[in-house]
Amino acid sequence: MDKPNVYPGRSRPDEMSFRYWLFRKVMRFLGRLFFGFTVHGVENVPKTGRLVIAANHSQYADPVLVCMAVPRRMQWMAKKQLFVGTLGKFFVFIGSFAVDRESGGRAGLRSALAFLSAGWILGIFPEGTHRNDGTAREAKSGAVMLAIRGNAPVLPVHVGKLPTLRAQLRGERHHIHIGKPITLDNTIRGGKAYREAADEILRIIYSLPEKPA
């Protein structure tokens with residue numbers, strides 16, 4: 001029996017609407033043209049099934065850049081304050097749903113688990129809000145908790161910084177590295193164990209550019 005669509009108006013997890021396909025096509029072309037956009041490890045993305053993507057977060061464009069790199073439809077957890085006017089419609093278009101952090105985000109967690117249960121990819125930034133100094137900070141445990149409760153592997157993704165014009169003139173290009181899926185021990189329980197697993201995932205994310213392509 002087919003799994004139900006979680007929210008009306010959203011494509012199914014195994015489908016990519018023409019609008020979204022065209023959006024990725026145009027953005028990837030512009031990315032290659034202006035920034036030398038290059039993806040390493042795209043073969044590591046499972047073609048079907050539930051999945052949690054965990055990526056570093058160093059710039060506002062990261063959700064779009066991950067969507068450009070991953071050839072499947074996904075959903076993102078995003079703070080509800082972003083869903084205003086045209087910007088809010090754009091976030092829904094790229095696959096985002098609102099999370100009320102002030103109320104503890106429990107409704108958002110239930111939505112995230114529902115998406116995973118329906119076979120979607122769930123995108124998460126373990127560091128929380130973006131930082132622009134290029135270094136890792138303490139990981140939040142949400143990605144690990146959702147992966148374990150949602151019975152989903154974690155796909156580590158490292159998003160490089162978009163090169164400035166001066167850096168491009170020096171030959172620098174924009175790189176995204178996708179690691180191999182990580183299957184977590186589903187017996188992990190408790191905040192400390194979740195944080196330790198999340199820290200290890202974050203370490204793997206930041207080590208991806210160091211590995212040979």
# chains A, B, ... in the order shown; residues from 1 in each chain; ligands from 1

$ residues_around --residues "region 61-70 of chain A" --least-positions-apart "3" --cutoff "8 Å" --atoms "only C-alpha atoms" --output "PyMOL selection string"
chain A and resi 24+27-28+39+42+45+57-58+73-74+76+94+159+176

$ select_by_dssp --residues "region 53-167 of chain A" --states "alpha helix (DSSP H)" --output "PyMOL selection string"
chain A and resi 62-69+85-93+106-117+142-149+165-167

$ write_last_selection --atoms "C-alpha atoms" --output "PDB file, in the first residue's frame"
ATOM      1  CA  ASP A  62      23.224  26.343   2.500  1.00  0.00           C
ATOM      2  CA  PRO A  63      19.691  24.838   2.197  1.00  0.00           C
ATOM      3  CA  VAL A  64      19.556  25.777  -1.493  1.00  0.00           C
ATOM      4  CA  LEU A  65      23.103  24.519  -2.082  1.00  0.00           C
ATOM      5  CA  VAL A  66      22.290  21.132  -0.532  1.00  0.00           C
ATOM      6  CA  CYS A  67      19.137  20.930  -2.673  1.00  0.00           C
ATOM      7  CA  MET A  68      21.335  21.599  -5.704  1.00  0.00           C
ATOM      8  CA  ALA A  69      23.739  18.828  -4.694  1.00  0.00           C
ATOM      9  CA  GLY A  85       5.326  36.575   2.481  1.00  0.00           C
ATOM     10  CA  THR A  86       7.242  35.666  -0.674  1.00  0.00           C
ATOM     11  CA  LEU A  87      10.212  34.372   1.306  1.00  0.00           C
ATOM     12  CA  GLY A  88       7.935  31.960   3.149  1.00  0.00           C
ATOM     13  CA  LYS A  89       6.546  30.647  -0.145  1.00  0.00           C
ATOM     14  CA  PHE A  90      10.088  30.078  -1.382  1.00  0.00           C
ATOM     15  CA  PHE A  91      10.987  28.065   1.713  1.00  0.00           C
ATOM     16  CA  VAL A  92       7.917  25.894   1.219  1.00  0.00           C
ATOM     17  CA  PHE A  93       8.868  25.448  -2.451  1.00  0.00           C
ATOM     18  CA  ARG A 106       7.499  19.202  19.587  1.00  0.00           C
ATOM     19  CA  ALA A 107       5.039  19.698  16.724  1.00  0.00           C
ATOM     20  CA  GLY A 108       7.993  20.114  14.356  1.00  0.00           C
ATOM     21  CA  LEU A 109       9.555  16.890  15.613  1.00  0.00           C
ATOM     22  CA  ARG A 110       6.287  15.039  15.029  1.00  0.00           C
ATOM     23  CA  SER A 111       6.148  16.447  11.485  1.00  0.00           C
ATOM     24  CA  ALA A 112       9.777  15.435  10.883  1.00  0.00           C
ATOM     25  CA  LEU A 113       9.096  11.856  12.019  1.00  0.00           C
ATOM     26  CA  ALA A 114       5.980  11.754   9.823  1.00  0.00           C
ATOM     27  CA  PHE A 115       8.036  12.795   6.797  1.00  0.00           C
ATOM     28  CA  LEU A 116      10.624  10.098   7.540  1.00  0.00           C
ATOM     29  CA  SER A 117       7.888   7.498   7.995  1.00  0.00           C
ATOM     30  CA  GLY A 142      18.159  16.448  17.150  1.00  0.00           C
ATOM     31  CA  ALA A 143      19.564  14.826  14.009  1.00  0.00           C
ATOM     32  CA  VAL A 144      20.641  11.718  15.925  1.00  0.00           C
ATOM     33  CA  MET A 145      17.366  11.451  17.815  1.00  0.00           C
ATOM     34  CA  LEU A 146      15.296  11.754  14.635  1.00  0.00           C
ATOM     35  CA  ALA A 147      17.470   9.281  12.729  1.00  0.00           C
ATOM     36  CA  ILE A 148      17.138   6.677  15.490  1.00  0.00           C
ATOM     37  CA  ARG A 149      13.432   7.207  16.121  1.00  0.00           C
ATOM     38  CA  LEU A 165      35.291  37.178  -6.736  1.00  0.00           C
ATOM     39  CA  ARG A 166      38.907  37.581  -5.644  1.00  0.00           C
ATOM     40  CA  ALA A 167      39.065  33.912  -4.626  1.00  0.00           C
TER      41      ALA A 167
END

$ select_by_dssp --residues "region 11-209 of chain A" --states "strand (DSSP E or B)" --output "MDAnalysis selection string"
chainID A and resid 38:40 51:55 74:79 96:99 121:124 154:159 175:178 182

$ write_last_selection --atoms "N, CA and C atoms" --output "compact mmCIF listing (two decimals), in the first residue's frame"
# COMPACT_ATOMS: atom_id res chain seq x y z
N THR A 38 30.79 22.30 -7.70
CA THR A 38 31.22 20.92 -7.92
C THR A 38 30.77 20.05 -6.77
N VAL A 39 30.17 18.91 -7.08
CA VAL A 39 29.69 17.98 -6.05
C VAL A 39 30.53 16.72 -6.08
N HIS A 40 31.01 16.30 -4.93
CA HIS A 40 31.78 15.07 -4.79
C HIS A 40 30.95 14.05 -3.99
N LEU A 51 15.80 9.07 4.90
CA LEU A 51 17.20 9.46 5.08
C LEU A 51 17.24 10.79 5.82
N VAL A 52 18.22 10.94 6.71
CA VAL A 52 18.48 12.22 7.37
C VAL A 52 19.78 12.78 6.82
N ILE A 53 19.71 13.96 6.20
CA ILE A 53 20.91 14.63 5.73
C ILE A 53 21.37 15.59 6.81
N ALA A 54 22.61 15.43 7.26
CA ALA A 54 23.20 16.31 8.27
C ALA A 54 24.32 17.10 7.61
N ALA A 55 24.21 18.42 7.60
CA ALA A 55 25.19 19.27 6.91
C ALA A 55 25.68 20.38 7.83
N MET A 74 13.56 16.74 -0.78
CA MET A 74 13.78 16.65 0.66
C MET A 74 12.93 17.68 1.40
N GLN A 75 12.92 17.55 2.70
CA GLN A 75 12.21 18.49 3.55
C GLN A 75 13.17 19.02 4.60
N TRP A 76 13.01 20.31 4.94
CA TRP A 76 13.88 20.98 5.90
C TRP A 76 13.08 21.47 7.10
N MET A 77 13.66 21.32 8.27
CA MET A 77 13.09 21.95 9.46
C MET A 77 13.58 23.39 9.50
N ALA A 78 12.66 24.36 9.60
CA ALA A 78 13.05 25.77 9.60
C ALA A 78 12.22 26.53 10.64
N LYS A 79 12.83 27.52 11.25
CA LYS A 79 12.11 28.28 12.28
C LYS A 79 10.92 29.02 11.65
N SER A 96 10.45 23.10 2.98
CA SER A 96 10.66 23.45 4.38
C SER A 96 9.34 23.44 5.12
N PHE A 97 9.39 23.09 6.39
CA PHE A 97 8.20 23.18 7.23
C PHE A 97 8.57 23.87 8.53
N ALA A 98 7.60 24.60 9.07
CA ALA A 98 7.86 25.49 10.21
C ALA A 98 8.01 24.73 11.52
N VAL A 99 8.98 25.19 12.32
CA VAL A 99 9.19 24.66 13.67
C VAL A 99 9.15 25.84 14.64
N ILE A 121 13.42 12.40 2.52
CA ILE A 121 14.71 12.84 3.06
C ILE A 121 14.44 14.05 3.95
N LEU A 122 15.06 14.03 5.12
CA LEU A 122 14.92 15.15 6.06
C LEU A 122 16.27 15.84 6.18
N GLY A 123 16.32 17.13 5.89
CA GLY A 123 17.56 17.89 5.99
C GLY A 123 17.66 18.62 7.31
N ILE A 124 18.82 18.49 7.97
CA ILE A 124 19.03 19.11 9.28
C ILE A 124 20.44 19.69 9.34
N VAL A 154 21.99 8.34 8.41
CA VAL A 154 22.40 9.74 8.33
C VAL A 154 23.39 9.90 7.19
N LEU A 155 23.16 10.88 6.33
CA LEU A 155 24.07 11.16 5.23
C LEU A 155 24.82 12.46 5.55
N PRO A 156 26.14 12.38 5.82
CA PRO A 156 26.90 13.60 6.14
C PRO A 156 27.23 14.39 4.88
N VAL A 157 27.05 15.69 4.94
CA VAL A 157 27.31 16.57 3.79
C VAL A 157 28.10 17.78 4.27
N HIS A 158 29.19 18.08 3.59
CA HIS A 158 29.95 19.29 3.88
C HIS A 158 29.77 20.29 2.75
N VAL A 159 29.29 21.48 3.10
CA VAL A 159 29.06 22.55 2.13
C VAL A 159 30.17 23.57 2.25
N HIS A 175 32.82 23.75 -3.56
CA HIS A 175 32.74 22.30 -3.48
C HIS A 175 31.75 21.85 -2.40
N ILE A 176 30.99 20.82 -2.73
CA ILE A 176 30.14 20.13 -1.76
C ILE A 176 30.57 18.67 -1.74
N HIS A 177 30.82 18.16 -0.53
CA HIS A 177 31.25 16.76 -0.37
C HIS A 177 30.15 15.97 0.34
N ILE A 178 29.77 14.85 -0.26
CA ILE A 178 28.75 13.97 0.31
C ILE A 178 29.42 12.67 0.76
N ILE A 182 25.53 6.77 7.24
CA ILE A 182 25.92 6.26 8.55
C ILE A 182 24.69 5.62 9.20

$ closest_residue --among "A:Lys47, A:Arg32, A:Lys25, A:Arg173" --to "Pro13 (chain A)" --atoms "only C-alpha atoms"
A:Lys47

$ closest_residue --among "A:Glu200, A:Lys180, A:Lys80, A:Gln59" --to "Glu43 (chain A)" --atoms "only C-alpha atoms"
A:Lys180

$ decode --residues "region 42-88 of chain A" --atoms "N, CA and C atoms" --output "PDB file, in the first residue's frame"
ATOM      1  N   VAL A  42      28.192  12.199  -5.033  1.00  0.00           N
ATOM      2  CA  VAL A  42      26.750  12.113  -5.258  1.00  0.00           C
ATOM      3  C   VAL A  42      26.288  10.661  -5.344  1.00  0.00           C
ATOM      4  N   GLU A  43      27.203   9.751  -5.707  1.00  0.00           N
ATOM      5  CA  GLU A  43      26.853   8.330  -5.777  1.00  0.00           C
ATOM      6  C   GLU A  43      26.540   7.751  -4.394  1.00  0.00           C
ATOM      7  N   ASN A  44      26.862   8.479  -3.334  1.00  0.00           N
ATOM      8  CA  ASN A  44      26.578   8.004  -1.972  1.00  0.00           C
ATOM      9  C   ASN A  44      25.135   8.253  -1.541  1.00  0.00           C
ATOM     10  N   VAL A  45      24.377   9.008  -2.339  1.00  0.00           N
ATOM     11  CA  VAL A  45      22.982   9.305  -1.983  1.00  0.00           C
ATOM     12  C   VAL A  45      22.105   8.111  -2.346  1.00  0.00           C
ATOM     13  N   PRO A  46      21.456   7.460  -1.376  1.00  0.00           N
ATOM     14  CA  PRO A  46      20.541   6.354  -1.705  1.00  0.00           C
ATOM     15  C   PRO A  46      19.439   6.841  -2.641  1.00  0.00           C
ATOM     16  N   LYS A  47      19.079   6.035  -3.603  1.00  0.00           N
ATOM     17  CA  LYS A  47      18.098   6.453  -4.605  1.00  0.00           C
ATOM     18  C   LYS A  47      16.674   6.483  -4.049  1.00  0.00           C
ATOM     19  N   THR A  48      16.397   5.693  -3.038  1.00  0.00           N
ATOM     20  CA  THR A  48      15.070   5.663  -2.434  1.00  0.00           C
ATOM     21  C   THR A  48      15.198   5.499  -0.925  1.00  0.00           C
ATOM     22  N   GLY A  49      14.079   5.688  -0.236  1.00  0.00           N
ATOM     23  CA  GLY A  49      14.021   5.414   1.189  1.00  0.00           C
ATOM     24  C   GLY A  49      14.280   6.622   2.070  1.00  0.00           C
ATOM     25  N   ARG A  50      13.869   6.480   3.313  1.00  0.00           N
ATOM     26  CA  ARG A  50      14.028   7.551   4.293  1.00  0.00           C
ATOM     27  C   ARG A  50      15.501   7.802   4.589  1.00  0.00           C
ATOM     28  N   LEU A  51      15.800   9.074   4.905  1.00  0.00           N
ATOM     29  CA  LEU A  51      17.195   9.463   5.077  1.00  0.00           C
ATOM     30  C   LEU A  51      17.243  10.793   5.824  1.00  0.00           C
ATOM     31  N   VAL A  52      18.220  10.939   6.708  1.00  0.00           N
ATOM     32  CA  VAL A  52      18.478  12.224   7.369  1.00  0.00           C
ATOM     33  C   VAL A  52      19.780  12.778   6.817  1.00  0.00           C
ATOM     34  N   ILE A  53      19.706  13.958   6.202  1.00  0.00           N
ATOM     35  CA  ILE A  53      20.915  14.628   5.732  1.00  0.00           C
ATOM     36  C   ILE A  53      21.374  15.591   6.815  1.00  0.00           C
ATOM     37  N   ALA A  54      22.614  15.435   7.257  1.00  0.00           N
ATOM     38  CA  ALA A  54      23.195  16.315   8.267  1.00  0.00           C
ATOM     39  C   ALA A  54      24.320  17.098   7.607  1.00  0.00           C
ATOM     40  N   ALA A  55      24.214  18.422   7.604  1.00  0.00           N
ATOM     41  CA  ALA A  55      25.195  19.266   6.913  1.00  0.00           C
ATOM     42  C   ALA A  55      25.680  20.382   7.830  1.00  0.00           C
ATOM     43  N   ASN A  56      26.890  20.864   7.555  1.00  0.00           N
ATOM     44  CA  ASN A  56      27.369  22.056   8.256  1.00  0.00           C
ATOM     45  C   ASN A  56      26.605  23.271   7.752  1.00  0.00           C
ATOM     46  N   HIS A  57      26.665  24.361   8.512  1.00  0.00           N
ATOM     47  CA  HIS A  57      25.842  25.527   8.178  1.00  0.00           C
ATOM     48  C   HIS A  57      26.672  26.786   8.370  1.00  0.00           C
ATOM     49  N   SER A  58      27.259  27.294   7.269  1.00  0.00           N
ATOM     50  CA  SER A  58      28.143  28.452   7.368  1.00  0.00           C
ATOM     51  C   SER A  58      27.633  29.676   6.614  1.00  0.00           C
ATOM     52  N   GLN A  59      26.484  29.532   5.898  1.00  0.00           N
ATOM     53  CA  GLN A  59      25.982  30.656   5.108  1.00  0.00           C
ATOM     54  C   GLN A  59      24.487  30.471   4.872  1.00  0.00           C
ATOM     55  N   TYR A  60      23.814  31.588   4.600  1.00  0.00           N
ATOM     56  CA  TYR A  60      22.361  31.539   4.448  1.00  0.00           C
ATOM     57  C   TYR A  60      21.932  30.663   3.281  1.00  0.00           C
ATOM     58  N   ALA A  61      22.782  30.521   2.266  1.00  0.00           N
ATOM     59  CA  ALA A  61      22.413  29.781   1.055  1.00  0.00           C
ATOM     60  C   ALA A  61      22.507  28.273   1.210  1.00  0.00           C
ATOM     61  N   ASP A  62      22.964  27.781   2.360  1.00  0.00           N
ATOM     62  CA  ASP A  62      23.224  26.343   2.500  1.00  0.00           C
ATOM     63  C   ASP A  62      22.036  25.447   2.153  1.00  0.00           C
ATOM     64  N   PRO A  63      20.804  25.733   2.577  1.00  0.00           N
ATOM     65  CA  PRO A  63      19.691  24.838   2.197  1.00  0.00           C
ATOM     66  C   PRO A  63      19.542  24.699   0.683  1.00  0.00           C
ATOM     67  N   VAL A  64      19.669  25.819  -0.034  1.00  0.00           N
ATOM     68  CA  VAL A  64      19.556  25.777  -1.493  1.00  0.00           C
ATOM     69  C   VAL A  64      20.724  24.998  -2.094  1.00  0.00           C
ATOM     70  N   LEU A  65      21.923  25.200  -1.554  1.00  0.00           N
ATOM     71  CA  LEU A  65      23.103  24.519  -2.082  1.00  0.00           C
ATOM     72  C   LEU A  65      23.008  23.008  -1.894  1.00  0.00           C
ATOM     73  N   VAL A  66      22.467  22.572  -0.749  1.00  0.00           N
ATOM     74  CA  VAL A  66      22.290  21.132  -0.532  1.00  0.00           C
ATOM     75  C   VAL A  66      21.227  20.588  -1.490  1.00  0.00           C
ATOM     76  N   CYS A  67      20.160  21.346  -1.702  1.00  0.00           N
ATOM     77  CA  CYS A  67      19.137  20.930  -2.673  1.00  0.00           C
ATOM     78  C   CYS A  67      19.743  20.799  -4.075  1.00  0.00           C
ATOM     79  N   MET A  68      20.673  21.673  -4.410  1.00  0.00           N
ATOM     80  CA  MET A  68      21.335  21.599  -5.704  1.00  0.00           C
ATOM     81  C   MET A  68      22.213  20.358  -5.809  1.00  0.00           C
ATOM     82  N   ALA A  69      22.793  19.942  -4.686  1.00  0.00           N
ATOM     83  CA  ALA A  69      23.739  18.828  -4.694  1.00  0.00           C
ATOM     84  C   ALA A  69      23.062  17.472  -4.648  1.00  0.00           C
ATOM     85  N   VAL A  70      21.932  17.373  -3.956  1.00  0.00           N
ATOM     86  CA  VAL A  70      21.269  16.082  -3.726  1.00  0.00           C
ATOM     87  C   VAL A  70      20.150  15.884  -4.740  1.00  0.00           C
ATOM     88  N   PRO A  71      20.223  14.851  -5.577  1.00  0.00           N
ATOM     89  CA  PRO A  71      19.248  14.656  -6.652  1.00  0.00           C
ATOM     90  C   PRO A  71      17.955  13.971  -6.209  1.00  0.00           C
ATOM     91  N   ARG A  72      17.484  14.348  -5.035  1.00  0.00           N
ATOM     92  CA  ARG A  72      16.194  13.849  -4.545  1.00  0.00           C
ATOM     93  C   ARG A  72      15.470  14.974  -3.828  1.00  0.00           C
ATOM     94  N   ARG A  73      14.155  14.839  -3.739  1.00  0.00           N
ATOM     95  CA  ARG A  73      13.348  15.821  -3.020  1.00  0.00           C
ATOM     96  C   ARG A  73      13.585  15.644  -1.529  1.00  0.00           C
ATOM     97  N   MET A  74      13.562  16.739  -0.781  1.00  0.00           N
ATOM     98  CA  MET A  74      13.777  16.650   0.662  1.00  0.00           C
ATOM     99  C   MET A  74      12.935  17.678   1.397  1.00  0.00           C
ATOM    100  N   GLN A  75      12.921  17.547   2.696  1.00  0.00           N
ATOM    101  CA  GLN A  75      12.208  18.487   3.548  1.00  0.00           C
ATOM    102  C   GLN A  75      13.169  19.022   4.600  1.00  0.00           C
ATOM    103  N   TRP A  76      13.009  20.311   4.936  1.00  0.00           N
ATOM    104  CA  TRP A  76      13.884  20.977   5.897  1.00  0.00           C
ATOM    105  C   TRP A  76      13.082  21.466   7.096  1.00  0.00           C
ATOM    106  N   MET A  77      13.659  21.321   8.271  1.00  0.00           N
ATOM    107  CA  MET A  77      13.090  21.950   9.458  1.00  0.00           C
ATOM    108  C   MET A  77      13.585  23.390   9.495  1.00  0.00           C
ATOM    109  N   ALA A  78      12.664  24.364   9.602  1.00  0.00           N
ATOM    110  CA  ALA A  78      13.051  25.773   9.604  1.00  0.00           C
ATOM    111  C   ALA A  78      12.224  26.529  10.636  1.00  0.00           C
ATOM    112  N   LYS A  79      12.827  27.522  11.252  1.00  0.00           N
ATOM    113  CA  LYS A  79      12.108  28.285  12.278  1.00  0.00           C
ATOM    114  C   LYS A  79      10.923  29.018  11.653  1.00  0.00           C
ATOM    115  N   LYS A  80       9.829  29.094  12.388  1.00  0.00           N
ATOM    116  CA  LYS A  80       8.575  29.596  11.835  1.00  0.00           C
ATOM    117  C   LYS A  80       8.666  31.055  11.400  1.00  0.00           C
ATOM    118  N   GLN A  81       9.617  31.824  11.968  1.00  0.00           N
ATOM    119  CA  GLN A  81       9.743  33.238  11.632  1.00  0.00           C
ATOM    120  C   GLN A  81      10.121  33.462  10.165  1.00  0.00           C
ATOM    121  N   LEU A  82      10.629  32.419   9.497  1.00  0.00           N
ATOM    122  CA  LEU A  82      11.031  32.557   8.101  1.00  0.00           C
ATOM    123  C   LEU A  82       9.855  32.504   7.135  1.00  0.00           C
ATOM    124  N   PHE A  83       8.713  32.009   7.616  1.00  0.00           N
ATOM    125  CA  PHE A  83       7.581  31.761   6.723  1.00  0.00           C
ATOM    126  C   PHE A  83       6.681  32.993   6.640  1.00  0.00           C
ATOM    127  N   VAL A  84       7.221  34.039   6.008  1.00  0.00           N
ATOM    128  CA  VAL A  84       6.499  35.303   5.869  1.00  0.00           C
ATOM    129  C   VAL A  84       6.555  35.735   4.410  1.00  0.00           C
ATOM    130  N   GLY A  85       5.390  36.028   3.824  1.00  0.00           N
ATOM    131  CA  GLY A  85       5.326  36.575   2.481  1.00  0.00           C
ATOM    132  C   GLY A  85       5.974  35.704   1.421  1.00  0.00           C
ATOM    133  N   THR A  86       6.617  36.369   0.448  1.00  0.00           N
ATOM    134  CA  THR A  86       7.242  35.666  -0.674  1.00  0.00           C
ATOM    135  C   THR A  86       8.355  34.748  -0.211  1.00  0.00           C
ATOM    136  N   LEU A  87       9.129  35.198   0.788  1.00  0.00           N
ATOM    137  CA  LEU A  87      10.212  34.372   1.306  1.00  0.00           C
ATOM    138  C   LEU A  87       9.667  33.070   1.881  1.00  0.00           C
ATOM    139  N   GLY A  88       8.552  33.156   2.591  1.00  0.00           N
ATOM    140  CA  GLY A  88       7.935  31.960   3.149  1.00  0.00           C
ATOM    141  C   GLY A  88       7.509  30.983   2.068  1.00  0.00           C
TER     142      GLY A  88
END
